[in-house]
>>> print(open('coords_0.pdb').read())   # PDB, C-alpha atoms
ATOM      1  CA  MET C   1     144.204  43.389  68.773  1.00  0.00           C
ATOM      2  CA  SER C   2     144.455  40.365  70.885  1.00  0.00           C
ATOM      3  CA  MET C   3     144.781  36.822  69.642  1.00  0.00           C
ATOM      4  CA  PHE C   4     141.224  36.074  70.799  1.00  0.00           C
ATOM      5  CA  PRO C   5     139.045  38.976  69.560  1.00  0.00           C
ATOM      6  CA  ALA C   6     135.770  37.248  70.512  1.00  0.00           C
ATOM      7  CA  PHE C   7     136.866  37.457  74.151  1.00  0.00           C
ATOM      8  CA  ASP C   8     137.511  41.200  73.968  1.00  0.00           C
ATOM      9  CA  ILE C   9     134.169  41.888  72.299  1.00  0.00           C
ATOM     10  CA  ALA C  10     132.201  39.733  74.741  1.00  0.00           C
ATOM     11  CA  SER C  11     134.148  41.241  77.640  1.00  0.00           C
ATOM     12  CA  SER C  12     133.106  44.772  76.626  1.00  0.00           C
ATOM     13  CA  ALA C  13     129.478  43.590  76.566  1.00  0.00           C
ATOM     14  CA  LEU C  14     129.855  41.976  80.005  1.00  0.00           C
ATOM     15  CA  THR C  15     131.221  45.233  81.423  1.00  0.00           C
ATOM     16  CA  THR C  16     128.375  47.219  79.857  1.00  0.00           C
ATOM     17  CA  HIS C  17     125.725  44.860  81.214  1.00  0.00           C
ATOM     18  CA  ARG C  18     127.339  44.899  84.639  1.00  0.00           C
ATOM     19  CA  ILE C  19     127.210  48.715  84.686  1.00  0.00           C
ATOM     20  CA  TRP C  20     123.598  48.574  83.548  1.00  0.00           C
ATOM     21  CA  MET C  21     122.814  46.157  86.380  1.00  0.00           C
ATOM     22  CA  ASN C  22     124.543  48.561  88.785  1.00  0.00           C
ATOM     23  CA  ALA C  23     122.328  51.390  87.551  1.00  0.00           C
ATOM     24  CA  ILE C  24     119.190  49.247  87.916  1.00  0.00           C
ATOM     25  CA  SER C  25     120.355  48.248  91.377  1.00  0.00           C
ATOM     26  CA  ASP C  26     120.710  51.923  92.284  1.00  0.00           C
ATOM     27  CA  ASN C  27     117.261  52.674  90.871  1.00  0.00           C
ATOM     28  CA  ILE C  28     115.682  49.882  92.912  1.00  0.00           C
ATOM     29  CA  ALA C  29     117.658  50.848  96.015  1.00  0.00           C
ATOM     30  CA  ASN C  30     116.223  54.369  95.831  1.00  0.00           C
ATOM     31  CA  ILE C  31     112.672  53.380  94.992  1.00  0.00           C
ATOM     32  CA  ASN C  32     111.510  54.583  98.438  1.00  0.00           C
ATOM     33  CA  THR C  33     113.838  57.577  98.725  1.00  0.00           C
ATOM     34  CA  VAL C  34     111.787  60.595  99.749  1.00  0.00           C
ATOM     35  CA  LYS C  35     113.046  64.121  99.106  1.00  0.00           C
ATOM     36  CA  PRO C  36     111.687  67.447 100.355  1.00  0.00           C
ATOM     37  CA  MET C  37     109.901  69.698  97.834  1.00  0.00           C
ATOM     38  CA  SER C  38     112.919  72.063  97.831  1.00  0.00           C
ATOM     39  CA  GLU C  39     115.098  69.334  96.233  1.00  0.00           C
ATOM     40  CA  ALA C  40     114.854  67.269  93.049  1.00  0.00           C
ATOM     41  CA  ALA C  41     113.373  63.815  93.427  1.00  0.00           C
ATOM     42  CA  TYR C  42     115.586  60.769  92.985  1.00  0.00           C
ATOM     43  CA  GLN C  43     116.139  60.585  89.235  1.00  0.00           C
ATOM     44  CA  GLU C  44     116.043  57.208  87.549  1.00  0.00           C
ATOM     45  CA  LYS C  45     119.390  56.383  85.896  1.00  0.00           C
ATOM     46  CA  PHE C  46     119.652  55.171  82.310  1.00  0.00           C
ATOM     47  CA  ILE C  47     122.894  53.881  80.827  1.00  0.00           C
ATOM     48  CA  VAL C  48     123.593  54.981  77.256  1.00  0.00           C
ATOM     49  CA  ALA C  49     125.511  52.295  75.349  1.00  0.00           C
ATOM     50  CA  ARG C  50     127.283  52.710  72.013  1.00  0.00           C
ATOM     51  CA  GLU C  51     128.853  50.209  69.674  1.00  0.00           C
ATOM     52  CA  ILE C  52     132.631  50.346  69.398  1.00  0.00           C
ATOM     53  CA  PRO C  53     133.583  50.772  65.724  1.00  0.00           C
ATOM     54  CA  SER C  54     135.903  48.250  64.141  1.00  0.00           C
ATOM     55  CA  ALA C  55     139.551  48.802  65.022  1.00  0.00           C
ATOM     56  CA  PRO C  56     142.164  49.184  62.270  1.00  0.00           C
ATOM     57  CA  GLY C  57     143.343  45.742  61.266  1.00  0.00           C
ATOM     58  CA  GLN C  58     139.978  44.176  62.020  1.00  0.00           C
ATOM     59  CA  PRO C  59     137.952  42.779  59.134  1.00  0.00           C
ATOM     60  CA  VAL C  60     135.472  45.377  57.869  1.00  0.00           C
ATOM     61  CA  GLY C  61     132.149  45.129  59.664  1.00  0.00           C
ATOM     62  CA  VAL C  62     133.489  43.395  62.751  1.00  0.00           C
ATOM     63  CA  GLY C  63     133.179  45.939  65.521  1.00  0.00           C
ATOM     64  CA  GLY C  64     134.925  46.088  68.852  1.00  0.00           C
ATOM     65  CA  GLY C  65     131.870  45.411  70.998  1.00  0.00           C
ATOM     66  CA  VAL C  66     129.877  47.866  73.091  1.00  0.00           C
ATOM     67  CA  ALA C  67     130.752  50.540  75.629  1.00  0.00           C
ATOM     68  CA  PRO C  68     128.734  52.588  78.100  1.00  0.00           C
ATOM     69  CA  VAL C  69     129.183  56.234  77.148  1.00  0.00           C
ATOM     70  CA  ALA C  70     126.865  58.247  79.381  1.00  0.00           C
ATOM     71  CA  VAL C  71     124.251  58.235  82.120  1.00  0.00           C
ATOM     72  CA  GLN C  72     120.932  59.923  81.511  1.00  0.00           C
ATOM     73  CA  TYR C  73     118.546  60.903  84.260  1.00  0.00           C
ATOM     74  CA  GLY C  74     114.810  60.579  84.512  1.00  0.00           C
ATOM     75  CA  ASP C  75     112.194  63.016  85.745  1.00  0.00           C
ATOM     76  CA  ALA C  76     113.367  65.324  88.559  1.00  0.00           C
ATOM     77  CA  THR C  77     109.831  66.369  89.526  1.00  0.00           C
ATOM     78  CA  GLY C  78     109.037  62.907  90.814  1.00  0.00           C
ATOM     79  CA  THR C  79     105.684  61.988  92.223  1.00  0.00           C
ATOM     80  CA  VAL C  80     104.526  64.729  94.579  1.00  0.00           C
ATOM     81  CA  THR C  81     102.812  62.996  97.469  1.00  0.00           C
ATOM     82  CA  TYR C  82     100.786  64.309 100.369  1.00  0.00           C
ATOM     83  CA  ASP C  83     102.434  62.903 103.502  1.00  0.00           C
ATOM     84  CA  PRO C  84     102.140  65.457 106.344  1.00  0.00           C
ATOM     85  CA  THR C  85     103.660  63.129 108.990  1.00  0.00           C
ATOM     86  CA  ASN C  86     106.886  62.836 107.013  1.00  0.00           C
ATOM     87  CA  PRO C  87     109.671  64.924 108.635  1.00  0.00           C
ATOM     88  CA  LEU C  88     110.682  66.122 105.152  1.00  0.00           C
ATOM     89  CA  ALA C  89     107.211  67.418 104.298  1.00  0.00           C
ATOM     90  CA  ASP C  90     106.803  71.145 103.564  1.00  0.00           C
ATOM     91  CA  LYS C  91     104.083  73.367 105.094  1.00  0.00           C
ATOM     92  CA  ASP C  92     101.492  71.890 102.730  1.00  0.00           C
ATOM     93  CA  GLY C  93     102.486  68.334 103.741  1.00  0.00           C
ATOM     94  CA  LEU C  94     104.000  67.501 100.349  1.00  0.00           C
ATOM     95  CA  VAL C  95     107.135  65.395  99.581  1.00  0.00           C
ATOM     96  CA  ARG C  96     108.727  64.119  96.380  1.00  0.00           C
ATOM     97  CA  ARG C  97     108.906  60.393  95.709  1.00  0.00           C
ATOM     98  CA  PRO C  98     110.737  58.920  92.711  1.00  0.00           C
ATOM     99  CA  SER C  99     108.575  58.583  89.601  1.00  0.00           C
ATOM    100  CA  GLU C 100     110.327  55.382  88.500  1.00  0.00           C
ATOM    101  CA  ASN C 101     108.350  52.216  87.994  1.00  0.00           C
ATOM    102  CA  LEU C 102     109.424  49.009  89.738  1.00  0.00           C
ATOM    103  CA  GLY C 103     107.940  46.891  86.944  1.00  0.00           C
ATOM    104  CA  ASP C 104     110.219  48.605  84.400  1.00  0.00           C
ATOM    105  CA  GLN C 105     113.200  48.155  86.686  1.00  0.00           C
ATOM    106  CA  MET C 106     112.593  44.436  87.145  1.00  0.00           C
ATOM    107  CA  THR C 107     112.067  43.974  83.397  1.00  0.00           C
ATOM    108  CA  ASN C 108     115.316  45.803  82.681  1.00  0.00           C
ATOM    109  CA  LEU C 109     117.041  43.699  85.323  1.00  0.00           C
ATOM    110  CA  ILE C 110     115.952  40.511  83.544  1.00  0.00           C
ATOM    111  CA  ILE C 111     117.115  41.911  80.184  1.00  0.00           C
ATOM    112  CA  ALA C 112     120.474  42.923  81.671  1.00  0.00           C
ATOM    113  CA  GLN C 113     120.898  39.531  83.332  1.00  0.00           C
ATOM    114  CA  ARG C 114     120.029  37.674  80.129  1.00  0.00           C
ATOM    115  CA  GLY C 115     122.416  39.894  78.154  1.00  0.00           C
ATOM    116  CA  TYR C 116     125.187  39.113  80.625  1.00  0.00           C
ATOM    117  CA  GLN C 117     124.439  35.382  80.383  1.00  0.00           C
ATOM    118  CA  LEU C 118     124.399  35.522  76.573  1.00  0.00           C
ATOM    119  CA  ASN C 119     127.854  37.033  76.474  1.00  0.00           C
ATOM    120  CA  LEU C 120     129.127  34.460  78.959  1.00  0.00           C
ATOM    121  CA  ALA C 121     127.772  31.801  76.590  1.00  0.00           C
ATOM    122  CA  VAL C 122     129.663  33.489  73.724  1.00  0.00           C
ATOM    123  CA  ILE C 123     132.883  33.308  75.734  1.00  0.00           C
ATOM    124  CA  ASP C 124     132.232  29.656  76.538  1.00  0.00           C
ATOM    125  CA  ARG C 125     131.626  28.746  72.893  1.00  0.00           C
ATOM    126  CA  ALA C 126     134.589  30.833  71.701  1.00  0.00           C
ATOM    127  CA  LYS C 127     136.852  29.133  74.213  1.00  0.00           C
ATOM    128  CA  SER C 128     135.876  25.629  73.123  1.00  0.00           C
ATOM    129  CA  SER C 129     136.190  26.656  69.472  1.00  0.00           C
ATOM    130  CA  TYR C 130     139.695  28.035  70.003  1.00  0.00           C
ATOM    131  CA  GLN C 131     140.581  24.916  71.973  1.00  0.00           C
ATOM    132  CA  GLN C 132     139.363  22.669  69.169  1.00  0.00           C
ATOM    133  CA  ALA C 133     141.469  24.682  66.701  1.00  0.00           C
ATOM    134  CA  ILE C 134     144.515  24.077  68.898  1.00  0.00           C
ATOM    135  CA  ASP C 135     143.726  20.353  69.010  1.00  0.00           C
ATOM    136  CA  ILE C 136     143.696  19.967  65.211  1.00  0.00           C
ATOM    137  CA  ASN C 137     145.663  16.810  64.432  1.00  0.00           C
ATOM    138  CA  GLY C 138     146.709  16.685  68.054  1.00  0.00           C
ATOM    139  CA  ARG C 139     147.944  13.534  69.697  1.00  0.00           C
TER     140      ARG C 139
ATOM    141  CA  MET F   1     171.777  34.515  62.132  1.00  0.00           C
ATOM    142  CA  ALA F   2     172.389  34.499  58.409  1.00  0.00           C
ATOM    143  CA  VAL F   3     171.726  31.188  56.705  1.00  0.00           C
ATOM    144  CA  THR F   4     174.422  30.508  54.151  1.00  0.00           C
ATOM    145  CA  PRO F   5     173.203  28.430  51.232  1.00  0.00           C
ATOM    146  CA  ILE F   6     174.673  24.974  50.848  1.00  0.00           C
ATOM    147  CA  SER F   7     177.409  25.168  48.252  1.00  0.00           C
ATOM    148  CA  GLY F   8     177.088  22.865  45.292  1.00  0.00           C
ATOM    149  CA  ILE F   9     178.967  19.583  45.206  1.00  0.00           C
ATOM    150  CA  MET F  10     181.809  20.350  42.867  1.00  0.00           C
ATOM    151  CA  ASN F  11     182.966  18.056  40.108  1.00  0.00           C
ATOM    152  CA  ALA F  12     182.234  14.626  41.541  1.00  0.00           C
ATOM    153  CA  ALA F  13     183.100  12.055  38.953  1.00  0.00           C
ATOM    154  CA  GLY F  14     180.548  12.126  36.184  1.00  0.00           C
ATOM    155  CA  MET F  15     178.338  14.627  37.894  1.00  0.00           C
ATOM    156  CA  GLY F  16     177.796  18.238  37.141  1.00  0.00           C
ATOM    157  CA  SER F  17     177.732  20.607  40.039  1.00  0.00           C
ATOM    158  CA  ILE F  18     174.367  20.948  41.769  1.00  0.00           C
ATOM    159  CA  ALA F  19     173.091  24.452  41.895  1.00  0.00           C
ATOM    160  CA  PRO F  20     173.220  25.900  45.408  1.00  0.00           C
ATOM    161  CA  VAL F  21     169.905  26.105  47.226  1.00  0.00           C
ATOM    162  CA  THR F  22     168.752  29.689  47.101  1.00  0.00           C
ATOM    163  CA  PRO F  23     166.022  30.838  49.449  1.00  0.00           C
ATOM    164  CA  SER F  24     162.858  31.991  47.720  1.00  0.00           C
ATOM    165  CA  THR F  25     162.210  35.733  47.583  1.00  0.00           C
ATOM    166  CA  THR F  26     159.414  35.586  50.172  1.00  0.00           C
ATOM    167  CA  ALA F  27     161.598  33.586  52.536  1.00  0.00           C
ATOM    168  CA  ALA F  28     164.354  36.138  51.997  1.00  0.00           C
ATOM    169  CA  ALA F  29     161.919  38.943  52.827  1.00  0.00           C
ATOM    170  CA  ASP F  30     160.824  37.101  55.977  1.00  0.00           C
ATOM    171  CA  ALA F  31     164.450  36.598  56.934  1.00  0.00           C
ATOM    172  CA  ALA F  32     165.027  40.334  56.460  1.00  0.00           C
ATOM    173  CA  ASN F  33     162.112  41.171  58.781  1.00  0.00           C
ATOM    174  CA  SER F  34     163.107  38.752  61.511  1.00  0.00           C
ATOM    175  CA  THR F  35     166.673  37.872  62.175  1.00  0.00           C
ATOM    176  CA  SER F  36     165.968  34.151  62.298  1.00  0.00           C
ATOM    177  CA  GLY F  37     162.768  32.525  61.065  1.00  0.00           C
ATOM    178  CA  VAL F  38     161.418  29.860  63.382  1.00  0.00           C
ATOM    179  CA  GLY F  39     163.483  30.698  66.450  1.00  0.00           C
ATOM    180  CA  ASN F  40     162.529  34.358  66.376  1.00  0.00           C
ATOM    181  CA  ALA F  41     158.868  33.588  65.787  1.00  0.00           C
ATOM    182  CA  PHE F  42     158.943  31.207  68.704  1.00  0.00           C
ATOM    183  CA  SER F  43     160.585  33.701  71.055  1.00  0.00           C
ATOM    184  CA  GLN F  44     157.983  36.309  70.031  1.00  0.00           C
ATOM    185  CA  ALA F  45     155.254  33.776  70.825  1.00  0.00           C
ATOM    186  CA  LEU F  46     156.857  33.170  74.216  1.00  0.00           C
ATOM    187  CA  ASP F  47     156.944  36.926  74.843  1.00  0.00           C
ATOM    188  CA  SER F  48     153.221  37.223  74.104  1.00  0.00           C
ATOM    189  CA  LEU F  49     152.598  34.199  76.341  1.00  0.00           C
ATOM    190  CA  GLN F  50     154.527  35.953  79.107  1.00  0.00           C
ATOM    191  CA  GLY F  51     152.386  39.049  78.500  1.00  0.00           C
ATOM    192  CA  THR F  52     149.102  37.179  78.898  1.00  0.00           C
ATOM    193  CA  GLN F  53     150.381  35.411  82.022  1.00  0.00           C
ATOM    194  CA  ASN F  54     151.456  38.744  83.535  1.00  0.00           C
ATOM    195  CA  ALA F  55     148.054  40.288  82.768  1.00  0.00           C
ATOM    196  CA  ALA F  56     146.269  37.346  84.409  1.00  0.00           C
ATOM    197  CA  ASP F  57     148.592  37.536  87.429  1.00  0.00           C
ATOM    198  CA  ALA F  58     147.991  41.268  87.863  1.00  0.00           C
ATOM    199  CA  LEU F  59     144.219  40.730  87.746  1.00  0.00           C
ATOM    200  CA  ALA F  60     144.489  37.805  90.191  1.00  0.00           C
ATOM    201  CA  GLN F  61     146.237  40.197  92.556  1.00  0.00           C
ATOM    202  CA  THR F  62     143.458  42.778  92.238  1.00  0.00           C
ATOM    203  CA  ALA F  63     140.936  39.984  92.888  1.00  0.00           C
ATOM    204  CA  ALA F  64     142.799  38.925  96.029  1.00  0.00           C
ATOM    205  CA  THR F  65     143.032  42.486  97.319  1.00  0.00           C
ATOM    206  CA  GLY F  66     139.383  43.210  96.579  1.00  0.00           C
ATOM    207  CA  ASN F  67     140.083  45.788  93.890  1.00  0.00           C
ATOM    208  CA  LEU F  68     138.667  43.785  90.992  1.00  0.00           C
ATOM    209  CA  THR F  69     135.698  45.657  89.523  1.00  0.00           C
ATOM    210  CA  ASP F  70     134.891  43.175  86.771  1.00  0.00           C
ATOM    211  CA  ILE F  71     135.027  39.503  87.699  1.00  0.00           C
ATOM    212  CA  HIS F  72     134.989  38.475  84.056  1.00  0.00           C
ATOM    213  CA  ASN F  73     138.140  40.509  83.355  1.00  0.00           C
ATOM    214  CA  TYR F  74     140.150  38.111  85.488  1.00  0.00           C
ATOM    215  CA  THR F  75     138.505  34.906  84.292  1.00  0.00           C
ATOM    216  CA  ILE F  76     138.863  35.960  80.646  1.00  0.00           C
ATOM    217  CA  ALA F  77     142.518  36.924  81.165  1.00  0.00           C
ATOM    218  CA  ALA F  78     143.146  33.559  82.830  1.00  0.00           C
ATOM    219  CA  THR F  79     141.412  31.780  79.933  1.00  0.00           C
ATOM    220  CA  GLU F  80     143.495  33.747  77.412  1.00  0.00           C
ATOM    221  CA  ALA F  81     146.664  32.831  79.294  1.00  0.00           C
ATOM    222  CA  SER F  82     145.732  29.168  79.377  1.00  0.00           C
ATOM    223  CA  LEU F  83     144.783  29.117  75.672  1.00  0.00           C
ATOM    224  CA  THR F  84     148.018  30.896  74.725  1.00  0.00           C
ATOM    225  CA  THR F  85     149.956  28.335  76.751  1.00  0.00           C
ATOM    226  CA  GLU F  86     148.117  25.526  74.967  1.00  0.00           C
ATOM    227  CA  ILE F  87     148.934  27.068  71.585  1.00  0.00           C
ATOM    228  CA  THR F  88     152.597  27.476  72.499  1.00  0.00           C
ATOM    229  CA  VAL F  89     152.794  23.890  73.711  1.00  0.00           C
ATOM    230  CA  ALA F  90     151.038  22.677  70.548  1.00  0.00           C
ATOM    231  CA  VAL F  91     153.474  24.632  68.357  1.00  0.00           C
ATOM    232  CA  ARG F  92     156.424  23.230  70.287  1.00  0.00           C
ATOM    233  CA  ASP F  93     155.080  19.696  69.988  1.00  0.00           C
ATOM    234  CA  ARG F  94     154.630  20.057  66.221  1.00  0.00           C
ATOM    235  CA  ALA F  95     158.097  21.586  65.831  1.00  0.00           C
ATOM    236  CA  VAL F  96     159.747  18.792  67.857  1.00  0.00           C
ATOM    237  CA  GLU F  97     157.724  16.220  65.930  1.00  0.00           C
ATOM    238  CA  ALA F  98     158.889  17.661  62.600  1.00  0.00           C
ATOM    239  CA  PHE F  99     162.486  17.750  63.818  1.00  0.00           C
ATOM    240  CA  ASN F 100     162.307  14.111  64.979  1.00  0.00           C
ATOM    241  CA  GLU F 101     160.765  13.110  61.679  1.00  0.00           C
ATOM    242  CA  ILE F 102     163.704  14.675  59.837  1.00  0.00           C
ATOM    243  CA  MET F 103     166.229  13.077  62.176  1.00  0.00           C
ATOM    244  CA  ARG F 104     164.634   9.652  61.507  1.00  0.00           C
ATOM    245  CA  MET F 105     165.292  10.073  57.797  1.00  0.00           C
ATOM    246  CA  GLN F 106     167.524   7.374  56.263  1.00  0.00           C
ATOM    247  CA  VAL F 107     170.738   8.803  54.844  1.00  0.00           C
TER     248      VAL F 107
END
>>> encode(input="coords_0.pdb", output="structure tokens")
Amino acid sequence: MSMFPAFDIASSALTTHRIWMNAISDNIANINTVKPMSEAAYQEKFIVAREIPSAPGQPVGVGGGVAPVAVQYGDATGTVTYDPTNPLADKDGLVRRPSENLGDQMTNLIIAQRGYQLNLAVIDRAKSSYQQAIDINGR
Amino acid sequence: MAVTPISGIMNAAGMGSIAPVTPSTTAAADAANSTSGVGNAFSQALDSLQGTQNAADALAQTAATGNLTDIHNYTIAATEASLTTEITVAVRDRAVEAFNEIMRMQV
């Protein structure tokens, strides 16, 4: 356990939100990715986050923050679209487009960004609190 | 370093001997855990300060070489190093202050 536990906890949350933003970025990057019918469509990525239980020596109830534990994938069927001019189209002129929704992605992006900012604010407050504790009766 | 208690002043005229100063049981237990109280605590604090500085330096190197995956890891490590330095300096200042205060005592 470090001397500044609030930093470690907020840092774990920053890492988790960064990974979430990476996943959203990947989802948005592949929003127009077309796949042939013989392959699975681009599957939307979801990050599964878990709380880190309190470490031994920590006060009961104070956890260790949050950690990304897994990636889950969305629908592999995708949206089957009729697009006969597409070079990937099969004999019926069908291709798979991702079934993800850009509105959801942008909403998640805002949530992830706000979560990141919140934890930066926690670090900022924690730092000034620790600094004030150091300055007790200082000259 | 073992601290030997001050021996009592023996048989000054008209005065009984003063009982030697014995360390309290908790202080004795602390002394058993660490070889020397304040000095050892301070050197441990310096070691942990060195540790935080090394961690921040290593992350600064990864940032310079483009291998840093989490920007906040470096900035937080640098903040921890700077706070630990501030604490160490504050502790040193208080210790020196206390020492000076004792040295100023009229004898």
>>> closest_residue(input="coords_0.pdb", among="C:Asp75, C:Glu39, C:Asp26, C:Asp135", to="chain F", atoms="all atoms listed in the file")
C:Asp135
>>> atom_distance(input="coords_0.pdb", atom1="atom CA of C:His17", atom2="atom CA of C:Gly78")
26.4 Å
>>> residues_around(input="coords_0.pdb", residues="C:Ser99", least_positions_apart="4", cutoff="9 Å", atoms="all atoms listed in the file", output="list in words")
Ile31, Ala41, Tyr42, Gln43, Glu44, Gly74, Asp75, Ala76, Thr77, Gly78, Thr79 and Val80 of chain C
>>> resolve_selection(input="coords_0.pdb", expression="the ChimeraX specification (/F :<9) & /C", output="ChimeraX atom specification")
/C:3-4,7-8,11,14-15,18,120,123,127,130-131,134-135,138
>>> atom_distance(input="coords_0.pdb", atom1="atom CA of C:Leu94", atom2="atom CA of C:Thr81")
5.5 Å
>>> decode(input="coords_0.pdb", residues="stretch 44-52 of chain F", atoms="all heavy atoms", output="PDB file, in the first residue's frame")
ATOM      1  N   GLN F  44      14.753   5.020   6.685  1.00  0.00           N
ATOM      2  CA  GLN F  44      13.694   4.281   5.976  1.00  0.00           C
ATOM      3  C   GLN F  44      12.877   5.228   5.105  1.00  0.00           C
ATOM      4  O   GLN F  44      12.530   4.905   3.961  1.00  0.00           O
ATOM      5  CB  GLN F  44      12.780   3.583   6.982  1.00  0.00           C
ATOM      6  CG  GLN F  44      13.293   2.205   7.387  1.00  0.00           C
ATOM      7  CD  GLN F  44      12.457   1.571   8.482  1.00  0.00           C
ATOM      8  OE1 GLN F  44      11.429   2.117   8.881  1.00  0.00           O
ATOM      9  NE2 GLN F  44      12.910   0.436   8.965  1.00  0.00           N
ATOM     10  N   ALA F  45      12.585   6.419   5.661  1.00  0.00           N
ATOM     11  CA  ALA F  45      11.825   7.415   4.890  1.00  0.00           C
ATOM     12  C   ALA F  45      12.607   7.826   3.647  1.00  0.00           C
ATOM     13  O   ALA F  45      12.043   7.977   2.560  1.00  0.00           O
ATOM     14  CB  ALA F  45      11.528   8.632   5.755  1.00  0.00           C
ATOM     15  N   LEU F  46      13.922   7.970   3.798  1.00  0.00           N
ATOM     16  CA  LEU F  46      14.753   8.337   2.650  1.00  0.00           C
ATOM     17  C   LEU F  46      14.749   7.227   1.607  1.00  0.00           C
ATOM     18  O   LEU F  46      14.747   7.508   0.406  1.00  0.00           O
ATOM     19  CB  LEU F  46      16.185   8.634   3.104  1.00  0.00           C
ATOM     20  CG  LEU F  46      16.398  10.005   3.745  1.00  0.00           C
ATOM     21  CD1 LEU F  46      17.823  10.147   4.220  1.00  0.00           C
ATOM     22  CD2 LEU F  46      16.067  11.117   2.775  1.00  0.00           C
ATOM     23  N   ASP F  47      14.760   5.961   2.085  1.00  0.00           N
ATOM     24  CA  ASP F  47      14.704   4.836   1.151  1.00  0.00           C
ATOM     25  C   ASP F  47      13.415   4.870   0.344  1.00  0.00           C
ATOM     26  O   ASP F  47      13.424   4.654  -0.874  1.00  0.00           O
ATOM     27  CB  ASP F  47      14.803   3.507   1.904  1.00  0.00           C
ATOM     28  CG  ASP F  47      16.233   3.181   2.286  1.00  0.00           C
ATOM     29  OD1 ASP F  47      17.133   3.875   1.778  1.00  0.00           O
ATOM     30  OD2 ASP F  47      16.441   2.257   3.084  1.00  0.00           O
ATOM     31  N   SER F  48      12.286   5.132   1.029  1.00  0.00           N
ATOM     32  CA  SER F  48      11.004   5.154   0.310  1.00  0.00           C
ATOM     33  C   SER F  48      10.963   6.351  -0.635  1.00  0.00           C
ATOM     34  O   SER F  48      10.387   6.271  -1.725  1.00  0.00           O
ATOM     35  CB  SER F  48       9.835   5.170   1.282  1.00  0.00           C
ATOM     36  OG  SER F  48       9.500   6.471   1.660  1.00  0.00           O
ATOM     37  N   LEU F  49      11.597   7.458  -0.233  1.00  0.00           N
ATOM     38  CA  LEU F  49      11.690   8.618  -1.125  1.00  0.00           C
ATOM     39  C   LEU F  49      12.471   8.255  -2.383  1.00  0.00           C
ATOM     40  O   LEU F  49      12.054   8.549  -3.509  1.00  0.00           O
ATOM     41  CB  LEU F  49      12.384   9.771  -0.391  1.00  0.00           C
ATOM     42  CG  LEU F  49      12.787  10.979  -1.229  1.00  0.00           C
ATOM     43  CD1 LEU F  49      11.565  11.632  -1.837  1.00  0.00           C
ATOM     44  CD2 LEU F  49      13.536  11.984  -0.382  1.00  0.00           C
ATOM     45  N   GLN F  50      13.593   7.534  -2.163  1.00  0.00           N
ATOM     46  CA  GLN F  50      14.406   7.088  -3.301  1.00  0.00           C
ATOM     47  C   GLN F  50      13.578   6.194  -4.219  1.00  0.00           C
ATOM     48  O   GLN F  50      13.662   6.291  -5.450  1.00  0.00           O
ATOM     49  CB  GLN F  50      15.630   6.339  -2.763  1.00  0.00           C
ATOM     50  CG  GLN F  50      16.626   5.898  -3.814  1.00  0.00           C
ATOM     51  CD  GLN F  50      17.340   7.087  -4.407  1.00  0.00           C
ATOM     52  OE1 GLN F  50      17.739   7.995  -3.699  1.00  0.00           O
ATOM     53  NE2 GLN F  50      17.498   7.092  -5.723  1.00  0.00           N
ATOM     54  N   GLY F  51      12.749   5.326  -3.596  1.00  0.00           N
ATOM     55  CA  GLY F  51      11.899   4.426  -4.383  1.00  0.00           C
ATOM     56  C   GLY F  51      10.935   5.181  -5.266  1.00  0.00           C
ATOM     57  O   GLY F  51      10.801   4.882  -6.456  1.00  0.00           O
ATOM     58  N   THR F  52      10.263   6.199  -4.699  1.00  0.00           N
ATOM     59  CA  THR F  52       9.295   6.958  -5.501  1.00  0.00           C
ATOM     60  C   THR F  52      10.007   7.733  -6.614  1.00  0.00           C
ATOM     61  O   THR F  52       9.493   7.833  -7.726  1.00  0.00           O
ATOM     62  CB  THR F  52       8.488   7.936  -4.632  1.00  0.00           C
ATOM     63  OG1 THR F  52       9.379   8.807  -3.956  1.00  0.00           O
ATOM     64  CG2 THR F  52       7.635   7.212  -3.628  1.00  0.00           C
TER      65      THR F  52
END
